[in-house]
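Asker: Below you will find the structure I want to go over with you.
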Amino acid sequence: LFTFSIERNYRPKFEYLVDAMGGGVEDVKAFPQYFAFSLEKRIAPRHRAAEDAGVALPLPDMLKATDEEFREMLDKERELLQEQTATTD
């Protein structure tokens, strides 16, 4: 983490965390590995996919999972949301 550029790595990722994801310093303190993931290839696409699916996933779960595990998590969370919606109707 010490070799990353503040302007090209930390700042854009932190701004995305705050502005797009509604996160903050506590999230980074709990999961500093966040900064090791690519904003363009991992963080933003997965955040958008989770948001589009209407689910919220903890940062470590969302980012550390393989692509297949991530899709499975989204599917499972979507099913849970649909079940909850069906039981409240």
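Identifiers in the structure tokens: chain A, B, ... in order shown; residue index from 1 per chain; ligand index from 1 in order shown.
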Find the residues of region 32-80 of chain A that sit at most 12 Å from region 9-21 of chain A; for each, write down the nearest two atoms and how far apart they are in Å, to one decimal. Count only C-alpha atoms. Sort by chain, then by number going up, and give it as CSV.

Answerer:
residue,atom,partner,partner_atom,distance
A:Pro32,CA,A:Tyr10,CA,10.8
A:Gln33,CA,A:Tyr10,CA,11.3
A:Tyr34,CA,A:Lys13,CA,8.3
A:Phe35,CA,A:Tyr10,CA,6.5
A:Ala36,CA,A:Asn9,CA,8.8
A:Phe37,CA,A:Lys13,CA,9.1
A:Ser38,CA,A:Lys13,CA,8.6
A:Leu39,CA,A:Lys13,CA,6.2
A:Glu40,CA,A:Lys13,CA,9.5
A:Lys41,CA,A:Lys13,CA,12.0
A:Arg42,CA,A:Lys13,CA,11.1
A:Ile43,CA,A:Lys13,CA,8.4
A:Ala44,CA,A:Tyr16,CA,8.0
A:Pro45,CA,A:Ala20,CA,11.8
A:Arg46,CA,A:Met21,CA,11.1
A:His47,CA,A:Met21,CA,7.5
A:Arg48,CA,A:Ala20,CA,9.4
A:Ala50,CA,A:Met21,CA,10.7
A:Glu51,CA,A:Met21,CA,9.3
A:Ala56,CA,A:Met21,CA,9.9
A:Leu57,CA,A:Met21,CA,10.9
A:Pro58,CA,A:Met21,CA,11.1
A:Leu59,CA,A:Leu17,CA,10.0

Asker: Could you pull the residues within 8 Å of Pro60 (chain A), counting only C-alpha atoms, minus those fewer than 4 positions along the same chain, as an MDAnalysis selection string?

Answerer: chainID A and resid 31 34 64:65

Asker: To test your reading of the structure, identify every residue in chain A that backbone DSSP assigns to helix (DSSP H, G or I), and report it as a VMD selection string.

Answerer: chain A and resid 6 to 19 25 to 30 32 to 36 39 to 53 59 to 64 67 to 88

Asker: Find the residues near Glu77 (chain A): any atom within 10 Å, counting only C-alpha atoms, skip ones fewer than 2 places away on the same chain, and give them as a ChimeraX atom specification.

Answerer: /A:50,53-57,71-75,79-83
